[in-house]
$ cat query_14.csv   # CSV, C-alpha atoms
chain,number,residue,atom,x,y,z
A,3,MET,CA,-8.0,-12.5,-4.4
A,4,PRO,CA,-5.6,-13.8,-7.0
A,5,ASN,CA,-7.7,-13.5,-10.1
A,6,GLU,CA,-9.1,-10.1,-9.2
A,7,THR,CA,-10.0,-7.9,-12.2
A,8,LYS,CA,-9.8,-4.2,-12.6
A,9,ARG,CA,-13.6,-4.1,-12.7
A,10,ASP,CA,-13.7,-6.0,-9.3
A,11,ARG,CA,-11.2,-3.6,-7.8
A,12,LEU,CA,-13.1,-0.5,-9.0
A,13,ARG,CA,-16.3,-2.0,-7.6
A,14,GLN,CA,-14.7,-2.5,-4.2
A,15,LEU,CA,-13.4,1.0,-4.2
A,16,GLY,CA,-16.8,2.4,-5.2
A,17,ALA,CA,-15.2,3.8,-8.4
A,18,LEU,CA,-16.9,1.6,-10.9
A,19,ASN,CA,-18.9,3.5,-13.5
A,20,THR,CA,-22.2,1.6,-13.6
A,21,ARG,CA,-23.1,3.2,-16.9
A,22,PRO,CA,-20.0,2.9,-19.1
A,23,GLU,CA,-22.1,2.6,-22.2
A,24,ALA,CA,-23.2,6.2,-21.6
A,25,VAL,CA,-19.7,7.5,-22.1
A,26,ARG,CA,-19.7,8.8,-25.7
A,27,ALA,CA,-16.4,10.6,-25.7
A,28,PRO,CA,-14.6,9.2,-28.8
A,29,TRP,CA,-11.2,8.8,-27.1
A,30,PHE,CA,-12.8,6.4,-24.6
A,31,ARG,CA,-14.0,4.3,-27.5
A,32,GLU,CA,-10.8,4.5,-29.7
A,33,SER,CA,-8.1,4.1,-27.1
A,34,SER,CA,-7.4,1.3,-24.6
A,35,PHE,CA,-5.8,3.9,-22.2
A,36,PHE,CA,-9.2,5.5,-21.4
A,37,ASP,CA,-11.5,3.2,-19.5
A,38,PRO,CA,-15.2,4.1,-19.3
A,39,LEU,CA,-15.5,1.7,-16.3
A,40,ASP,CA,-13.2,4.0,-14.2
A,41,LEU,CA,-15.4,6.7,-12.8
A,42,VAL,CA,-12.5,8.8,-11.5
A,43,GLN,CA,-11.0,8.9,-15.0
A,44,VAL,CA,-14.3,9.7,-16.6
A,45,LYS,CA,-14.9,12.6,-14.2
A,46,TYR,CA,-11.3,13.9,-14.6
A,47,GLU,CA,-11.6,13.8,-18.4
A,48,MET,CA,-15.0,15.5,-18.3
A,49,LEU,CA,-13.5,18.4,-16.3
A,50,ARG,CA,-10.4,18.5,-18.5
A,51,HIS,CA,-12.6,18.7,-21.6
A,52,VAL,CA,-14.4,21.7,-20.3
A,53,HIS,CA,-11.3,23.6,-18.9
A,54,GLU,CA,-8.9,22.7,-21.7
A,55,ASP,CA,-11.1,22.4,-24.8
A,56,GLY,CA,-13.7,25.1,-23.8
A,57,VAL,CA,-16.7,22.8,-24.1
A,58,ASN,CA,-20.0,23.8,-22.5
A,59,LYS,CA,-20.4,22.1,-19.1
A,60,ALA,CA,-23.8,20.6,-19.8
A,61,ASP,CA,-22.5,19.2,-23.2
A,62,ALA,CA,-19.5,17.7,-21.4
A,63,ALA,CA,-21.6,16.1,-18.8
A,64,ALA,CA,-23.8,14.5,-21.5
A,65,LEU,CA,-20.8,13.4,-23.5
A,66,PHE,CA,-19.4,11.6,-20.5
A,67,GLY,CA,-22.8,10.1,-19.5
A,68,LEU,CA,-23.0,12.1,-16.3
A,69,SER,CA,-25.5,14.7,-15.0
A,70,ARG,CA,-24.9,18.4,-14.7
A,71,PRO,CA,-25.1,18.2,-10.9
A,72,THR,CA,-22.4,15.5,-11.0
A,73,TYR,CA,-20.3,17.8,-13.1
A,74,TYR,CA,-20.6,20.6,-10.6
A,75,GLN,CA,-19.9,18.3,-7.6
A,76,ALA,CA,-16.8,16.9,-9.4
A,77,GLU,CA,-15.6,20.4,-10.3
A,78,ALA,CA,-15.9,21.7,-6.7
A,79,ALA,CA,-14.3,18.5,-5.3
A,80,PHE,CA,-11.4,18.8,-7.8
A,81,GLU,CA,-10.9,22.5,-7.0
A,82,ARG,CA,-10.9,21.7,-3.3
A,83,GLU,CA,-8.8,18.6,-3.2
A,84,GLY,CA,-7.3,17.9,-6.6
A,85,ILE,CA,-7.6,14.4,-8.1
A,86,ALA,CA,-8.2,13.0,-4.6
A,87,GLY,CA,-11.5,14.9,-4.6
A,88,LEU,CA,-12.8,12.7,-7.4
A,89,LEU,CA,-12.2,9.5,-5.4
A,90,PRO,CA,-15.4,8.0,-3.9
A,91,ARG,CA,-16.3,8.9,-0.3
A,92,THR,CA,-18.2,6.7,2.1
A,93,ARG,CA,-21.5,8.3,2.8
A,94,GLY,CA,-23.3,8.7,6.1
A,95,PRO,CA,-22.2,8.8,9.7
A,96,LYS,CA,-18.8,7.2,10.5
A,97,SER,CA,-19.7,6.1,14.0
A,98,ALA,CA,-22.5,5.9,16.5
A,99,HIS,CA,-22.5,9.7,16.8
A,100,LYS,CA,-25.8,10.0,18.8
A,101,LEU,CA,-24.8,7.5,21.5
A,102,THR,CA,-22.5,9.8,23.4
A,103,ASP,CA,-21.1,8.9,26.9
A,104,GLU,CA,-24.0,10.8,28.5
A,105,VAL,CA,-26.6,8.8,26.4
A,106,MET,CA,-24.8,5.5,27.1
A,107,GLN,CA,-24.9,6.2,30.9
A,108,LEU,CA,-28.7,6.8,30.7
A,109,ILE,CA,-29.0,3.5,28.8
A,110,GLU,CA,-26.9,1.6,31.4
A,111,GLN,CA,-28.9,3.1,34.3
A,112,ASN,CA,-32.1,1.9,32.8
A,113,GLN,CA,-30.8,-1.5,31.7
A,114,HIS,CA,-31.1,-4.0,34.5
A,115,ALA,CA,-28.4,-6.7,34.9
A,116,GLY,CA,-29.6,-10.1,33.9
A,117,ASP,CA,-32.7,-8.9,32.2
A,118,PRO,CA,-33.1,-9.3,28.5
A,119,LEU,CA,-32.1,-6.2,26.5
A,120,GLN,CA,-35.2,-4.0,25.8
A,121,ALA,CA,-33.7,-1.9,23.0
A,122,ARG,CA,-37.1,-0.7,21.8
A,123,SER,CA,-38.2,0.6,25.2
A,124,LEU,CA,-34.7,2.2,25.7
A,125,ALA,CA,-35.1,3.9,22.3
A,126,GLN,CA,-38.5,5.3,23.5
A,127,LEU,CA,-36.9,6.4,26.8
A,128,LEU,CA,-34.2,8.3,24.9
A,129,HIS,CA,-36.8,10.0,22.7
A,130,SER,CA,-39.0,11.0,25.6
A,131,THR,CA,-36.2,12.2,28.0
A,132,LEU,CA,-33.6,13.6,25.5
A,133,GLY,CA,-35.6,14.1,22.4
A,134,LEU,CA,-33.1,11.8,20.6
A,135,SER,CA,-34.3,9.5,17.9
A,136,VAL,CA,-32.1,6.3,18.0
A,137,HIS,CA,-32.9,3.0,16.3
A,138,PRO,CA,-33.2,0.1,18.7
A,139,ARG,CA,-30.6,-1.8,16.6
A,140,SER,CA,-28.1,1.0,17.2
A,141,ILE,CA,-28.6,0.6,20.9
A,142,GLU,CA,-28.0,-3.1,20.7
A,143,ARG,CA,-24.8,-2.6,18.7
A,144,ALA,CA,-23.5,0.0,21.1
A,145,ILE,CA,-24.1,-2.3,24.1
A,146,ALA,CA,-22.4,-5.2,22.3
A,147,ARG,CA,-19.4,-2.9,21.5
A,148,LYS,CA,-19.2,-1.8,25.2
A,149,LYS,CA,-19.3,-5.5,26.3
A,150,LYS,CA,-16.4,-6.3,24.0
A,151,ARG,CA,-14.2,-3.7,25.7
$ encode --input "query_14.csv" --output "C-alpha coordinates"
Amino acid sequence: MPNETKRDRLRQLGALNTRPEAVRAPWFRESSFFDPLDLVQVKYEMLRHVHEDGVNKADAAALFGLSRPTYYQAEAAFEREGIAGLLPRTRGPKSAHKLTDEVMQLIEQNQHAGDPLQARSLAQLLHSTLGLSVHPRSIERAIARKKKR
(Lines of atoms letter the chains of each structure in order from A and count residues from 1; the text may use other names and numbers.)
(Lines give C-alpha, C1' and ligand atoms only; values in the text may rest on other atoms or scores of the structure.)
Protein backbone atom coordinates (compact mmCIF):
# COMPACT_ATOMS: atom_id res chain seq x y z
CA MET A 1 0.00 0.00 0.00
CA PRO A 2 1.94 3.06 -1.24
CA ASN A 3 0.06 5.79 0.66
CA GLU A 4 -0.21 3.88 3.91
CA THR A 5 -0.23 6.15 6.96
CA LYS A 6 1.13 5.46 10.42
CA ARG A 7 -2.47 5.23 11.65
CA ASP A 8 -3.22 2.54 9.04
CA ARG A 9 -0.13 0.56 10.02
CA LEU A 10 -0.92 0.80 13.74
CA ARG A 11 -4.46 -0.41 13.02
CA GLN A 12 -3.13 -3.39 11.03
CA LEU A 13 -0.81 -4.31 13.90
CA GLY A 14 -3.53 -3.94 16.51
CA ALA A 15 -1.49 -1.16 18.18
CA LEU A 16 -3.81 1.75 17.39
CA ASN A 17 -5.03 3.53 20.49
CA THR A 18 -8.76 3.90 19.86
CA ARG A 19 -9.03 6.65 22.48
CA PRO A 20 -6.09 9.00 21.81
CA GLU A 21 -8.08 11.96 23.13
CA ALA A 22 -8.08 10.31 26.58
CA VAL A 23 -4.27 10.64 26.83
CA ARG A 24 -3.82 13.74 28.97
CA ALA A 25 -0.07 13.53 29.61
CA PRO A 26 1.22 16.98 28.64
CA TRP A 27 4.26 15.68 26.77
CA PHE A 28 1.92 13.83 24.38
CA ARG A 29 0.23 17.17 23.60
CA GLU A 30 3.36 19.34 23.46
CA SER A 31 5.74 17.19 21.43
CA SER A 32 5.45 15.61 18.01
CA PHE A 33 7.73 12.77 19.20
CA PHE A 34 5.03 11.32 21.46
CA ASP A 35 2.05 9.90 19.57
CA PRO A 36 -1.19 9.25 21.48
CA LEU A 37 -2.29 6.98 18.62
CA ASP A 38 0.58 4.54 19.34
CA LEU A 39 -0.72 2.28 22.12
CA VAL A 40 2.67 0.63 22.71
CA GLN A 41 4.26 4.05 23.27
CA VAL A 42 1.39 5.15 25.52
CA LYS A 43 1.72 2.03 27.68
CA TYR A 44 5.51 2.32 27.88
CA GLU A 45 5.33 5.97 28.91
CA MET A 46 2.68 5.13 31.51
CA LEU A 47 4.97 2.49 33.04
CA ARG A 48 7.98 4.81 32.87
CA HIS A 49 6.01 7.61 34.54
CA VAL A 50 5.27 5.36 37.52
CA HIS A 51 8.72 3.78 37.83
CA GLU A 52 10.85 6.85 37.11
CA ASP A 53 8.68 9.71 38.36
CA GLY A 54 7.10 7.88 41.31
CA VAL A 55 3.52 8.59 40.30
CA ASN A 56 0.67 6.52 41.73
CA LYS A 57 -0.33 3.66 39.38
CA ALA A 58 -4.02 4.60 39.31
CA ASP A 59 -3.18 8.24 38.59
CA ALA A 60 -0.80 7.23 35.80
CA ALA A 61 -3.41 4.96 34.22
CA ALA A 62 -5.94 7.81 34.28
CA LEU A 63 -3.39 10.30 32.88
CA PHE A 64 -2.75 8.00 29.92
CA GLY A 65 -6.42 7.22 29.34
CA LEU A 66 -6.12 3.57 30.34
CA SER A 67 -7.67 1.47 33.10
CA ARG A 68 -5.88 0.17 36.19
CA PRO A 69 -6.23 -3.45 34.99
CA THR A 70 -4.58 -2.39 31.72
CA TYR A 71 -1.75 -0.85 33.76
CA TYR A 72 -1.19 -4.07 35.70
CA GLN A 73 -1.33 -6.22 32.55
CA ALA A 74 1.18 -3.95 30.81
CA GLU A 75 3.44 -3.96 33.87
CA ALA A 76 3.46 -7.76 34.07
CA ALA A 77 4.01 -8.15 30.33
CA PHE A 78 6.86 -5.62 30.39
CA GLU A 79 8.56 -7.34 33.33
CA ARG A 80 8.20 -10.71 31.59
CA GLU A 81 9.19 -9.75 28.03
CA GLY A 82 10.43 -6.16 27.96
CA ILE A 83 9.08 -3.81 25.32
CA ALA A 84 7.97 -6.79 23.20
CA GLY A 85 5.46 -7.59 25.95
CA LEU A 86 3.62 -4.37 25.15
CA LEU A 87 3.04 -5.41 21.55
CA PRO A 88 -0.47 -6.64 20.79
CA ARG A 89 -1.14 -10.37 20.79
CA THR A 90 -3.64 -12.23 18.69
CA ARG A 91 -6.29 -13.60 20.97
CA GLY A 92 -7.97 -16.97 21.00
CA PRO A 93 -6.92 -20.38 19.73
CA LYS A 94 -4.29 -20.43 17.00
CA SER A 95 -5.56 -23.58 15.29
CA ALA A 96 -8.32 -26.17 15.31
CA HIS A 97 -7.12 -27.50 18.65
CA LYS A 98 -10.20 -29.63 19.36
CA LEU A 99 -10.05 -31.48 16.06
CA THR A 100 -7.19 -33.83 16.83
CA ASP A 101 -6.24 -36.79 14.62
CA GLU A 102 -8.46 -39.06 16.76
CA VAL A 103 -11.45 -36.73 16.35
CA MET A 104 -10.86 -36.37 12.60
CA GLN A 105 -10.79 -40.18 12.26
CA LEU A 106 -14.18 -40.39 13.97
CA ILE A 107 -15.52 -37.71 11.62
CA GLU A 108 -14.16 -39.52 8.56
CA GLN A 109 -15.61 -42.85 9.72
CA ASN A 110 -19.06 -41.27 10.03
CA GLN A 111 -18.90 -39.27 6.84
CA HIS A 112 -20.05 -41.28 3.87
CA ALA A 113 -18.36 -40.76 0.50
CA GLY A 114 -20.51 -38.90 -2.00
CA ASP A 115 -23.07 -37.85 0.61
CA PRO A 116 -23.41 -34.16 1.45
CA LEU A 117 -21.52 -33.09 4.52
CA GLN A 118 -23.70 -33.21 7.62
CA ALA A 119 -21.57 -31.04 9.88
CA ARG A 120 -24.38 -30.41 12.35
CA SER A 121 -25.02 -34.13 12.91
CA LEU A 122 -21.25 -34.77 13.10
CA ALA A 123 -21.00 -32.07 15.78
CA GLN A 124 -23.79 -33.79 17.73
CA LEU A 125 -21.99 -37.13 17.34
CA LEU A 126 -18.76 -35.65 18.74
CA HIS A 127 -20.65 -34.20 21.65
CA SER A 128 -22.46 -37.44 22.47
CA THR A 129 -19.49 -39.80 22.02
CA LEU A 130 -16.54 -37.68 23.20
CA GLY A 131 -18.24 -34.92 25.17
CA LEU A 132 -16.57 -32.47 22.79
CA SER A 133 -18.37 -29.29 21.79
CA VAL A 134 -17.35 -28.35 18.24
CA HIS A 135 -19.11 -25.85 16.00
CA PRO A 136 -20.34 -27.37 12.72
CA ARG A 137 -18.47 -24.69 10.76
CA SER A 138 -15.20 -25.81 12.40
CA ILE A 139 -15.86 -29.32 11.12
CA GLU A 140 -16.52 -28.00 7.62
CA ARG A 141 -13.26 -26.02 7.63
CA ALA A 142 -11.26 -28.99 8.96
CA ILE A 143 -12.61 -31.27 6.22
CA ALA A 144 -11.86 -28.62 3.57
CA ARG A 145 -8.27 -28.30 4.91
CA LYS A 146 -7.87 -32.07 4.78
CA LYS A 147 -9.11 -32.18 1.17
CA LYS A 148 -6.59 -29.51 0.16
CA ARG A 149 -3.71 -31.71 1.33
$ closest_atom_pairs --input "query_14.csv" --of "segment 81-103 of chain A" --to "segment 126-131 of chain A" --cutoff "12 Å" --atoms "only C-alpha atoms" --output "tab-separated table"
residue	atom	partner	partner_atom	distance
A:Lys100	CA	A:Leu128	CA	10.5
A:Leu101	CA	A:Leu128	CA	10.0
A:Thr102	CA	A:Leu128	CA	11.9
$ atom_distance --input "query_14.csv" --atom1 "atom CA of Ser140 of chain A" --atom2 "atom CA of Arg91 of chain A"
22.5 Å
$ closest_residue --input "query_14.csv" --among "A:Lys150, A:His51, A:His137, A:Lys45" --to "Tyr74 of chain A" --atoms "only C-alpha atoms"
A:Lys45
$ atom_distance --input "query_14.csv" --atom1 "atom CA of Glu77 of chain A" --atom2 "atom CA of Arg11 of chain A"
24.5 Å
$ residues_around --input "query_14.csv" --residues "segment 13-18 of chain A" --least-positions-apart "2" --cutoff "6 Å" --atoms "all atoms listed in the file" --output "CSV table (one decimal) with C-alpha atoms, in the coordinates of the input"
chain,number,residue,atom,x,y,z
A,10,ASP,CA,-13.7,-6.0,-9.3
A,11,ARG,CA,-11.2,-3.6,-7.8
A,20,THR,CA,-22.2,1.6,-13.6
A,39,LEU,CA,-15.5,1.7,-16.3
A,40,ASP,CA,-13.2,4.0,-14.2
A,41,LEU,CA,-15.4,6.7,-12.8
A,90,PRO,CA,-15.4,8.0,-3.9
$ atom_distance --input "query_14.csv" --atom1 "atom CA of Pro28 of chain A" --atom2 "atom CA of Phe66 of chain A"
9.9 Å
$ residues_around --input "query_14.csv" --residues "segment 109-112 of chain A" --least-positions-apart "6" --cutoff "10 Å" --atoms "all atoms listed in the file" --output "ChimeraX atom specification"
/A:101,103,120-121,123-125,127-128,141,145
$ residues_around --input "query_14.csv" --residues "segment 55-63 of chain A" --least-positions-apart "5" --cutoff "12 Å" --atoms "all atoms listed in the file" --output "list in words"
Ala24, Val25, Arg26, Ala27, Val44, Lys45, Tyr46, Glu47, Met48, Leu49, Arg50, Leu68, Ser69, Arg70, Pro71, Thr72, Tyr73, Tyr74, Gln75, Ala76 and Glu77 of chain A
$ axis_aligned_box --input "query_14.csv" --around "segment 76-80 of chain A" --padding-each-side "3 Å" --output "AutoDock Vina command-line options"
--center_x -14.1 --center_y 19.3 --center_z -7.8 --size_x 11.4 --size_y 10.8 --size_z 11.0
